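Some notes on the structure that comes next.
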Protein chains: 4
Amino acid sequence: MAGSSFGHLFRITTFGESHGGAVGVVVDGATPNLDLCEADIQVQLDRRKPGQSSVTTPRTEPDTVQIRSGVFNGKTTGTPILLLLFNTDARPSAYDPIKDIYRPGHADFTYLQKYGIRDWHGSGRASGRETAGRVAAGAIAAKLLARRGVSITAYTWRAGGVQCKTVDYDQIEKNPMRACDPLAAVEMVRKIEEAKAAGDSIGGVIECRVKGLPAGLGEPVFDKLDAELAHAILSIGATKGIEFGTGFAAADLLGSQHNDPMGPQGFLTNHAGGILGGISTGAELVFRTVVKPTSSISRPQETIDTHGNPRTITIQGRHDPCICPRIVPVVEAMTALVLEDHFKRQAALLA
Amino acid sequence: MAGSSFGHLFRITTFGESHGGAVGVVVDGATPNLDLCEADIQVQLDRRKPGQSSVTTPRTEPDTVQIRSGVFNGKTTGTPILLLLFNTDARPSAYDPIKDIYRPGHADFTYLQKYGIRDWHGSGRASGRETAGRVAAGAIAAKLLARRGVSITAYTWRAGGVQCKTVDYDQIEKNPMRACDPLAAVEMVRKIEEAKAAGDSIGGVIECRVKGLPAGLGEPVFDKLDAELAHAILSIGATKGIEFGTGFAAADLLGSQHNDPMGPQGFLTNHAGGILGGISTGAELVFRTVVKPTSSISRPQETIDTHGNPRTITIQGRHDPCICPRIVPVVEAMTALVLEDHFKRQAALLA
Amino acid sequence: MAGSSFGHLFRITTFGESHGGAVGVVVDGATPNLDLCEADIQVQLDRRKPGQSSVTTPRTEPDTVQIRSGVFNGKTTGTPILLLLFNTDARPSAYDPIKDIYRPGHADFTYLQKYGIRDWHGSGRASGRETAGRVAAGAIAAKLLARRGVSITAYTWRAGGVQCKTVDYDQIEKNPMRACDPLAAVEMVRKIEEAKAAGDSIGGVIECRVKGLPAGLGEPVFDKLDAELAHAILSIGATKGIEFGTGFAAADLLGSQHNDPMGPQGFLTNHAGGILGGISTGAELVFRTVVKPTSSISRPQETIDTHGNPRTITIQGRHDPCICPRIVPVVEAMTALVLEDHFKRQAALLA
Amino acid sequence: MAGSSFGHLFRITTFGESHGGAVGVVVDGATPNLDLCEADIQVQLDRRKPGQSSVTTPRTEPDTVQIRSGVFNGKTTGTPILLLLFNTDARPSAYDPIKDIYRPGHADFTYLQKYGIRDWHGSGRASGRETAGRVAAGAIAAKLLARRGVSITAYTWRAGGVQCKTVDYDQIEKNPMRACDPLAAVEMVRKIEEAKAAGDSIGGVIECRVKGLPAGLGEPVFDKLDAELAHAILSIGATKGIEFGTGFAAADLLGSQHNDPMGPQGFLTNHAGGILGGISTGAELVFRTVVKPTSSISRPQETIDTHGNPRTITIQGRHDPCICPRIVPVVEAMTALVLEDHFKRQAALLA
């Protein structure tokens, strides 16, 4: 209710601030008797952590996860799992000079308006660091989904105006953009370096595809699968939109073009992106989310301070000139959380 | 949990099928002592009801609402409000010929896969008729929001490839498209009539703007205001995507272009669409949703029946060649439900 | 959240006031493909309805239930089921003389303090009439439980100081007290008639037993089976306490007396009442709840009006001198709702 | 949903096992800008911790709490607060001999039935150690309540058959029983020592009183204040019942005896225990809960092992011969959590 929990039956609660003591998550409702060790989770955290390449922030957080409850002799017990990551490279004092200035594009202003108090060390709770807990929890969900035959793959689809032309899953982890097209990735990196040199940042689009999903998941009328995925993905800090299947392009199509005909082997096309009436069709689930250019830029920007005085701000520090490659595992994690939750909801419905 | 409830503190539960006995909603959590009569609700239902113009279905449902609980001597009592609409023009037998055929673009297949049973009278629970309950509940939320100085306006922004060039709120209710540009509306209607003549349908984009919203609404990190609006809007049957502010176009911008600078009078631009870090900024809230072309078309389509045999289907009956004008009040209603809920959540946080 | 919904996966929302237009319930999450007709529900409502005997109120409400959604061709579809009962013997004007007086033992004062407005026709939302919705929904839950081999039996165990000495399930529906001991029932009725003649009322204790419950239901640590049953039972208006198994008598026992030893066939005793650590043991579930004497009595009582002036009140009208026999089906219904919900939660956990 | 969270607007999620790495809690929804430091919480944890006297277990856990998120410069920020306690005196191997034997009165059997796996180090998740998280969270709730003028006091009211005759709040923390009557406390301790010498344990009754509660809290019809308190209190491991005000004794009263008359100064008696219709009356809130005798006793007991073979068990180890004094702060904490949540719910209703 207060906003730091997500999911119903596979439910997570994250905690922690950018430069506070720790970040992490409590996972409640994971199926018991699942083999689980820290390495299962670490592998996903390593994809999200800072300092991976020239296009990500140089902050060095190992993001080493500790399982502190809910696992016994290498198996989940069905009780809450605490996944804890201590902050090791926090530099709160680095933010002293801008503690009373609202950074454009950041949540500084809105947090202060909402809560009447703001943790100005980094972005506090609004930091992307919070997503470490999501990725950690998502790794457990993904393990459960793998047993169900479900696999989730996200990748950078567009960045700095460069769009992928091929989709090659094998290339994703081989380029710093996590793009599905290695040639496009080279272009994207060049755009980022240009922007970075100019003290600027770029945005992009991430696409996510899910294979192996059976028909029947989703809870009409309000908890439609697409509605819940939209909730999940838009809860990631930098996203500004989501579309399923043909998405916004459907606005200009005719019904006879957009409707997916069926044959004995199933759907013949997939404009719907794998969801009809809010329920999975059994076809591939496909959606895209837009990621805004990183708000932290070093170019001077016009803003005000907490007293309402005009100020010019130049943000120093360790930031990602394009956050897409690090959001890819977060998109996968949020997708995994929604899907695992809906498998459980469907089991409950039919029980 | 089972999917027919929405909201937390201002919470609604809808019920009813297209050709069943009744549709409606229970509203729990409405502030007590609000003046409320059936006319307050009817005015919104009349905007959603079928049979309004040549671009909507000719089904004639008066959609007369009855308040059956929760209101005493013309005022809300704080207890659940039952809003009931009996179906009067149901023609279930009209669907006998296609009861075992999956209509392309419809939820026929997915409902049967999920539930193992399907109400094949119309679209059953998957019918757009269910949104009558949402609009009825939204009228109460909108009344509470009006007291807070908040007003919500949605309109057709694009349809059949025609985009509005002006935004004139006074024109919206004066054209059958509920478009914000009367000239564009004329073009849209022509596109619809063309499609209709060809047994086809068209899609569009609806834009929604909210004025008077204070800064501070939204519950990080998972129940961000945009995340909850995305949930709400994507739970409407025909929508396939949502974007806030600059939306998908942000993918190609630089941070220095997308960040909204601030001055002593507030934000100088509004690329963010009125939300930063998941919390309202106090600027105008702006989002767009894409509406797919209506699935029910009379052109022959390739599909299968419930036994897996190939079939050709030609859907007769009363359908909307473009659902945009009737979805406009649904988008407003869902927006009102989210906002009223978040006002209450914010009051609770600070209490 | 606003209080008129109960359950998570098998979830109900009740609505309606004593002398308003209708009472009823929306059931969301019922397993699809269950045979269901109005008679299945009516049989339970008939046990709760007024006017059954000399020990219940003479108000004549047939409480005829209508299924208005969620059932198709005699089967549940998995979508929300609206169960509607129109009030037919409402006499709101009968309450005019006491509309501004707080009846002792009633919720008149507290509702006005909470909501700032009060429906003073009868007890409004605080009326026992609201439980009709619970009983209707409980009938569906009980049908699902019957398929699982679970049966729930409640009965008056004590009333007017008279306690049952035998437990004979066959006798329960054969006496107006729904007592498990016919001889005790005769005594109880005599006590009630004495009290009634004196313009007074009596209280009692209801015991509930559940057979066929498997081990493993209940969700530690907060949603223990006993915690959820306590929530359910204490949400019935007239109850003031609950105890499981040996209950309050456990306070004076030694651990060696209270612990239930086990043998190869299971538990050798059942002081725990069928729950250990908040999870069902597979032994019979046993609890008791205390029902306060009906608040509406015709003896003169000292009270105040809404202006704070002292008043003497003599309540006329149609009231139950002992509510136990009519609460018996409500206790069974609430128990069924909790158990069915927990079967679904357990299915979800293991899914 | 999975059972380790409690509350709606002031919501807690506990985690941890008796002999695992850590126990603790995440608190989401605490009002921002509250002064909060570890000492505020430690003072309550010290009342719950083991090793306080001869009547409690000799396990020596300092239960030192660490605040790891949600507090900035000594104030709550409105974001989740992680309260962490590392286990320091865990002795998991002490349980090796009984790892496959079901201890009578424990949750060993039911946990294994439910989850298919059991952490047999101590009682795992079923351990009373889990309540440390509750007490920690309750300390924050109590601080917020104190600002509202609300104070909660629980005490041992009966133990080993000895009942308090006086209620002196000043005595509660001065005797090892946390009894409200120092003379009764001496008797109780003697009973415990007798039981302990015989390898046995005793039970008792805890009474809780709340002063300063305004009228108007509680959410009919399902989340009545008494229903939610019952849920909260019955979720504490060792409790087997709860009663409000006159409680079970109301069964034998007449309406004219049980109804609380009102005068211009308020209620003249308080048989209702401060709640009518599920809403606080403004009078003192009074309830009692029964605590079963501790299940861990060293006398030989008849039981079975996980293979169904008969076994005799003699439990060694560090246990509380009477858990009442350590449950007193847990009862207060759970009460505080419910009340703070309902203050927020009421604020939301009227917002």
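Labels for the structure tokens follow display order: chains A, B, ..., residues from 1 in each chain, ligands from 1.
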Please provide the set of residues having any atom within 9 Å of segment 8-10 of chain A, restricted to only C-alpha atoms, with same-chain residues fewer than 6 positions apart removed, written as a compact mmCIF listing (two decimals) with all heavy atoms, in the first residue's frame.
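To be explicit, this is the file written out as out20.txt:
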# COMPACT_ATOMS: atom_id res chain seq x y z
N VAL A 27 11.49 -11.48 -0.21
CA VAL A 27 10.62 -12.21 -1.13
C VAL A 27 9.72 -13.12 -0.32
O VAL A 27 10.21 -13.98 0.42
CB VAL A 27 11.46 -13.08 -2.11
CG1 VAL A 27 10.55 -13.87 -3.03
CG2 VAL A 27 12.43 -12.21 -2.90
N ASP A 28 8.42 -12.92 -0.43
CA ASP A 28 7.48 -13.76 0.32
C ASP A 28 6.60 -14.52 -0.67
O ASP A 28 6.00 -13.92 -1.57
CB ASP A 28 6.62 -12.90 1.25
CG ASP A 28 5.99 -13.71 2.37
OD1 ASP A 28 6.43 -14.85 2.62
OD2 ASP A 28 5.05 -13.21 3.01
N GLY A 29 6.55 -15.82 -0.51
CA GLY A 29 5.67 -16.61 -1.37
C GLY A 29 6.40 -17.46 -2.39
O GLY A 29 5.76 -18.10 -3.22
N ALA A 30 7.72 -17.48 -2.34
CA ALA A 30 8.45 -18.34 -3.28
C ALA A 30 8.12 -19.81 -2.98
O ALA A 30 8.06 -20.21 -1.82
CB ALA A 30 9.95 -18.12 -3.16
N THR A 31 7.89 -20.56 -4.01
CA THR A 31 7.58 -21.98 -3.88
C THR A 31 8.66 -22.66 -3.03
O THR A 31 9.85 -22.46 -3.28
CB THR A 31 7.54 -22.62 -5.27
OG1 THR A 31 6.68 -21.84 -6.09
CG2 THR A 31 7.04 -24.05 -5.21
N ALA A 141 12.35 -15.62 -9.22
CA ALA A 141 11.17 -15.83 -10.07
C ALA A 141 11.58 -16.51 -11.38
O ALA A 141 10.91 -17.44 -11.85
CB ALA A 141 10.48 -14.50 -10.34
N LEU A 337 8.73 -11.33 -12.30
CA LEU A 337 7.91 -11.20 -11.09
C LEU A 337 6.43 -11.25 -11.43
O LEU A 337 5.63 -11.91 -10.76
CB LEU A 337 8.24 -9.89 -10.36
CG LEU A 337 9.65 -9.83 -9.75
CD1 LEU A 337 9.96 -8.41 -9.27
CD2 LEU A 337 9.79 -10.82 -8.60
N VAL A 338 6.04 -10.54 -12.49
CA VAL A 338 4.63 -10.54 -12.89
C VAL A 338 4.21 -11.94 -13.34
O VAL A 338 3.14 -12.44 -12.94
CB VAL A 338 4.40 -9.52 -14.03
CG1 VAL A 338 3.00 -9.69 -14.62
CG2 VAL A 338 4.58 -8.10 -13.51
N GLU A 340 5.51 -14.97 -12.73
CA GLU A 340 5.46 -15.99 -11.67
C GLU A 340 4.22 -15.75 -10.79
O GLU A 340 3.54 -16.70 -10.39
CB GLU A 340 6.74 -15.94 -10.83
CG GLU A 340 6.77 -16.91 -9.67
CD GLU A 340 6.63 -18.37 -10.08
OE1 GLU A 340 6.89 -18.70 -11.25
OE2 GLU A 340 6.24 -19.19 -9.22
N ASP A 341 3.94 -14.51 -10.50
CA ASP A 341 2.75 -14.18 -9.71
C ASP A 341 1.49 -14.69 -10.41
O ASP A 341 0.59 -15.24 -9.77
CB ASP A 341 2.69 -12.67 -9.52
CG ASP A 341 1.75 -12.24 -8.40
OD1 ASP A 341 1.76 -12.89 -7.34
OD2 ASP A 341 1.01 -11.26 -8.58
N HIS A 342 1.43 -14.51 -11.71
CA HIS A 342 0.23 -14.92 -12.43
C HIS A 342 0.12 -16.43 -12.58
O HIS A 342 -0.99 -16.97 -12.63
CB HIS A 342 0.15 -14.19 -13.78
CG HIS A 342 -0.47 -12.84 -13.63
ND1 HIS A 342 -1.83 -12.63 -13.67
CD2 HIS A 342 0.07 -11.64 -13.37
CE1 HIS A 342 -2.08 -11.35 -13.47
NE2 HIS A 342 -0.94 -10.72 -13.29
N LYS A 344 0.87 -18.38 -10.22
CA LYS A 344 0.29 -18.75 -8.92
C LYS A 344 -1.18 -18.33 -8.83
O LYS A 344 -2.01 -19.05 -8.27
CB LYS A 344 1.10 -18.12 -7.79
CG LYS A 344 2.46 -18.80 -7.59
CD LYS A 344 3.22 -18.23 -6.42
CE LYS A 344 4.50 -19.01 -6.14
NZ LYS A 344 4.28 -20.38 -5.66
N ARG A 345 -1.49 -17.19 -9.41
CA ARG A 345 -2.89 -16.75 -9.38
C ARG A 345 -3.76 -17.71 -10.19
O ARG A 345 -4.90 -18.01 -9.79
CB ARG A 345 -3.00 -15.31 -9.90
CG ARG A 345 -2.40 -14.32 -8.92
CD ARG A 345 -2.28 -12.92 -9.48
NE ARG A 345 -3.55 -12.20 -9.41
CZ ARG A 345 -3.67 -10.88 -9.58
NH1 ARG A 345 -2.58 -10.15 -9.83
NH2 ARG A 345 -4.82 -10.29 -9.49
N MET B 1 -7.82 -9.45 -5.95
CA MET B 1 -6.87 -10.52 -6.31
C MET B 1 -7.35 -11.30 -7.52
O MET B 1 -6.57 -11.62 -8.41
CB MET B 1 -6.76 -11.48 -5.11
CG MET B 1 -5.89 -12.68 -5.33
SD MET B 1 -4.16 -12.30 -5.38
CE MET B 1 -4.11 -10.74 -4.56
N ARG C 345 -4.88 -20.40 -1.39
CA ARG C 345 -3.55 -19.87 -1.06
C ARG C 345 -2.51 -20.99 -1.01
O ARG C 345 -1.38 -20.81 -1.45
CB ARG C 345 -3.61 -19.11 0.27
CG ARG C 345 -4.39 -17.81 0.13
CD ARG C 345 -4.67 -17.13 1.46
NE ARG C 345 -3.53 -16.36 1.92
CZ ARG C 345 -3.59 -15.47 2.90
NH1 ARG C 345 -4.74 -15.25 3.54
NH2 ARG C 345 -2.53 -14.80 3.27
N ALA C 348 -1.59 -21.97 -4.47
CA ALA C 348 -0.70 -20.97 -5.07
C ALA C 348 0.72 -21.13 -4.55
O ALA C 348 1.69 -21.04 -5.31
CB ALA C 348 -1.22 -19.57 -4.75
N LEU C 349 0.85 -21.39 -3.26
CA LEU C 349 2.19 -21.53 -2.67
C LEU C 349 2.95 -22.66 -3.33
O LEU C 349 4.13 -22.53 -3.66
CB LEU C 349 2.06 -21.82 -1.17
CG LEU C 349 3.39 -22.10 -0.44
CD1 LEU C 349 4.16 -20.80 -0.25
CD2 LEU C 349 3.16 -22.79 0.89
N MET D 1 0.11 -11.54 1.31
CA MET D 1 -0.66 -12.70 0.83
C MET D 1 -0.02 -14.01 1.28
O MET D 1 -0.68 -14.92 1.72
CB MET D 1 -0.68 -12.66 -0.70
CG MET D 1 -1.36 -13.82 -1.36
SD MET D 1 -3.13 -13.79 -1.15
CE MET D 1 -3.41 -12.09 -0.81
N ALA D 2 1.34 -14.04 1.19
CA ALA D 2 2.02 -15.26 1.61
C ALA D 2 2.19 -15.30 3.12
O ALA D 2 2.72 -16.27 3.65
CB ALA D 2 3.37 -15.36 0.92
### Query
Running DSSP on the backbone, which parts of segment 98-161 of chain D land in strand (DSSP E), as a PyMOL selection string?
chain D and resi 151-159
Show me which bits of chain A are within 8 Å of chain D, counting only C-alpha atoms, as a tab-separated table (two decimals) with N, CA and C atoms, in the first residue's frame.
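iface-v8.tsv, freshly written:
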chain	number	residue	atom	x	y	z
A	1	MET	N	0.84	-1.21	0.00
A	1	MET	CA	0.00	0.00	0.00
A	1	MET	C	0.87	1.26	0.00
A	2	ALA	N	1.95	1.20	0.83
A	2	ALA	CA	2.83	2.37	0.88
A	2	ALA	C	3.79	2.37	-0.29
A	3	GLY	N	3.74	1.37	-1.13
A	3	GLY	CA	4.42	1.45	-2.42
A	3	GLY	C	5.69	0.67	-2.59
A	4	SER	N	6.21	0.05	-1.55
A	4	SER	CA	7.47	-0.66	-1.73
A	4	SER	C	7.30	-2.17	-1.85
A	8	HIS	N	1.39	-10.28	-5.67
A	8	HIS	CA	0.37	-10.70	-4.72
A	8	HIS	C	0.77	-12.01	-4.06
A	9	LEU	N	1.00	-13.03	-4.86
A	9	LEU	CA	1.29	-14.35	-4.30
A	9	LEU	C	2.79	-14.62	-4.29
A	10	PHE	N	3.47	-14.11	-5.28
A	10	PHE	CA	4.94	-14.03	-5.24
A	10	PHE	C	5.19	-12.55	-5.01
A	11	ARG	N	5.44	-12.20	-3.78
A	11	ARG	CA	5.41	-10.78	-3.40
A	11	ARG	C	6.76	-10.32	-2.89
A	13	THR	N	9.20	-7.01	-1.34
A	13	THR	CA	9.26	-5.71	-0.68
A	13	THR	C	10.71	-5.26	-0.73
A	14	THR	N	10.97	-4.16	-1.43
A	14	THR	CA	12.36	-3.68	-1.48
A	14	THR	C	12.57	-2.58	-0.45
A	15	PHE	N	13.83	-2.37	-0.13
A	15	PHE	CA	14.19	-1.31	0.82
A	15	PHE	C	15.56	-0.78	0.43
A	16	GLY	N	15.88	0.38	0.93
A	16	GLY	CA	17.24	0.88	0.78
A	16	GLY	C	17.39	2.10	-0.10
A	17	GLU	N	18.43	2.86	0.21
A	17	GLU	CA	18.72	4.09	-0.50
A	17	GLU	C	20.10	4.01	-1.14
A	20	GLY	N	22.71	4.89	1.54
A	20	GLY	CA	22.42	4.48	2.91
A	20	GLY	C	23.20	3.21	3.25
A	21	GLY	N	22.71	2.48	4.25
A	21	GLY	CA	23.45	1.33	4.74
A	21	GLY	C	23.39	0.12	3.82
A	22	ALA	N	22.25	-0.11	3.22
A	22	ALA	CA	22.07	-1.34	2.47
A	22	ALA	C	20.89	-1.19	1.54
A	23	VAL	N	20.85	-2.00	0.52
A	23	VAL	CA	19.65	-2.16	-0.29
A	23	VAL	C	19.32	-3.65	-0.32
A	26	VAL	N	12.84	-8.40	0.45
A	26	VAL	CA	12.27	-9.58	1.08
A	26	VAL	C	11.31	-10.21	0.07
A	28	ASP	N	8.42	-12.92	-0.43
A	28	ASP	CA	7.48	-13.76	0.32
A	28	ASP	C	6.60	-14.52	-0.67
A	29	GLY	N	6.55	-15.82	-0.51
A	29	GLY	CA	5.67	-16.61	-1.37
A	29	GLY	C	6.40	-17.46	-2.39
A	32	PRO	N	8.26	-23.47	-2.05
A	32	PRO	CA	9.28	-24.15	-1.24
A	32	PRO	C	9.98	-25.26	-2.03
A	33	ASN	N	11.13	-25.64	-1.51
A	33	ASN	CA	11.90	-26.76	-2.08
A	33	ASN	C	12.56	-26.45	-3.40
A	68	ARG	N	19.79	-14.14	3.82
A	68	ARG	CA	19.82	-14.12	5.28
A	68	ARG	C	18.64	-14.83	5.93
A	69	SER	N	17.70	-15.30	5.13
A	69	SER	CA	16.59	-16.08	5.70
A	69	SER	C	15.86	-16.79	4.59
A	70	GLY	N	15.04	-17.76	4.94
A	70	GLY	CA	14.16	-18.39	3.98
A	70	GLY	C	14.77	-19.50	3.15
A	72	PHE	N	17.13	-23.03	3.52
A	72	PHE	CA	17.63	-23.98	4.51
A	72	PHE	C	18.29	-25.14	3.76
A	77	THR	N	12.36	-22.52	1.79
A	77	THR	CA	11.47	-23.18	2.75
A	77	THR	C	10.03	-22.69	2.63
A	78	GLY	N	9.78	-21.73	1.73
A	78	GLY	CA	8.44	-21.18	1.62
A	78	GLY	C	8.23	-19.99	2.54
A	79	THR	N	9.23	-19.67	3.34
A	79	THR	CA	9.15	-18.52	4.25
A	79	THR	C	9.93	-17.36	3.62
A	80	PRO	N	9.80	-16.15	4.16
A	80	PRO	CA	10.39	-14.98	3.49
A	80	PRO	C	11.91	-15.07	3.32
A	81	ILE	N	12.35	-14.70	2.15
A	81	ILE	CA	13.78	-14.73	1.82
A	81	ILE	C	14.31	-13.31	1.86
A	82	LEU	N	15.26	-13.08	2.75
A	82	LEU	CA	15.90	-11.76	2.80
A	82	LEU	C	17.16	-11.77	1.95
A	115	TYR	N	7.03	14.05	0.76
A	115	TYR	CA	7.36	13.56	2.09
A	115	TYR	C	7.68	14.67	3.09
A	116	GLY	N	7.99	15.86	2.57
A	116	GLY	CA	8.40	16.93	3.48
A	116	GLY	C	9.81	16.75	3.99
A	117	ILE	N	10.51	15.76	3.47
A	117	ILE	CA	11.90	15.50	3.85
A	117	ILE	C	12.50	14.74	2.67
A	118	ARG	N	13.80	14.92	2.46
A	118	ARG	CA	14.43	14.24	1.33
A	118	ARG	C	15.83	13.79	1.71
A	119	ASP	N	16.14	12.54	1.44
A	119	ASP	CA	17.49	12.02	1.60
A	119	ASP	C	18.27	12.49	0.37
A	125	ARG	N	16.08	7.20	-2.02
A	125	ARG	CA	15.22	6.07	-2.40
A	125	ARG	C	14.91	6.09	-3.90
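Once Leu183 of chain A and its same-chain neighbours fewer than 4 positions away are set aside, Cys164, Lys165, Glu187 and Met188 of chain A remain within 9 Å of it when counting only C-alpha atoms.
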### Task
Check the DSSP output for the backbone and give back, as a PyMOL selection string, the residues of segment 158-275 of chain A in helix (DSSP H, G or I).
chain A and resi 169-174+182-197+225-234+247-252+255-258
### For segment 315-324 of chain C: contacts at 8 Å, only C-alpha atoms, fewer than 3 positions along chain excluded, given as JSON, numbers by chain
{"C": [55, 56, 57, 58, 59, 94, 156, 159, 177, 178, 192, 195, 196, 200, 201, 202, 203, 204, 205, 206, 291, 293, 294, 296, 297, 298, 299, 300, 327, 328]}
### Task
Extract, using only C-alpha atoms, all DNA, RNA and protein residues at most 9 Å from Thr239 of chain B, discarding same-chain residues fewer than 6 positions from it, and format them as a list in words.
Gly247 of chain A; Ile233, Thr289, Val290, Val291 and Lys292 of chain B
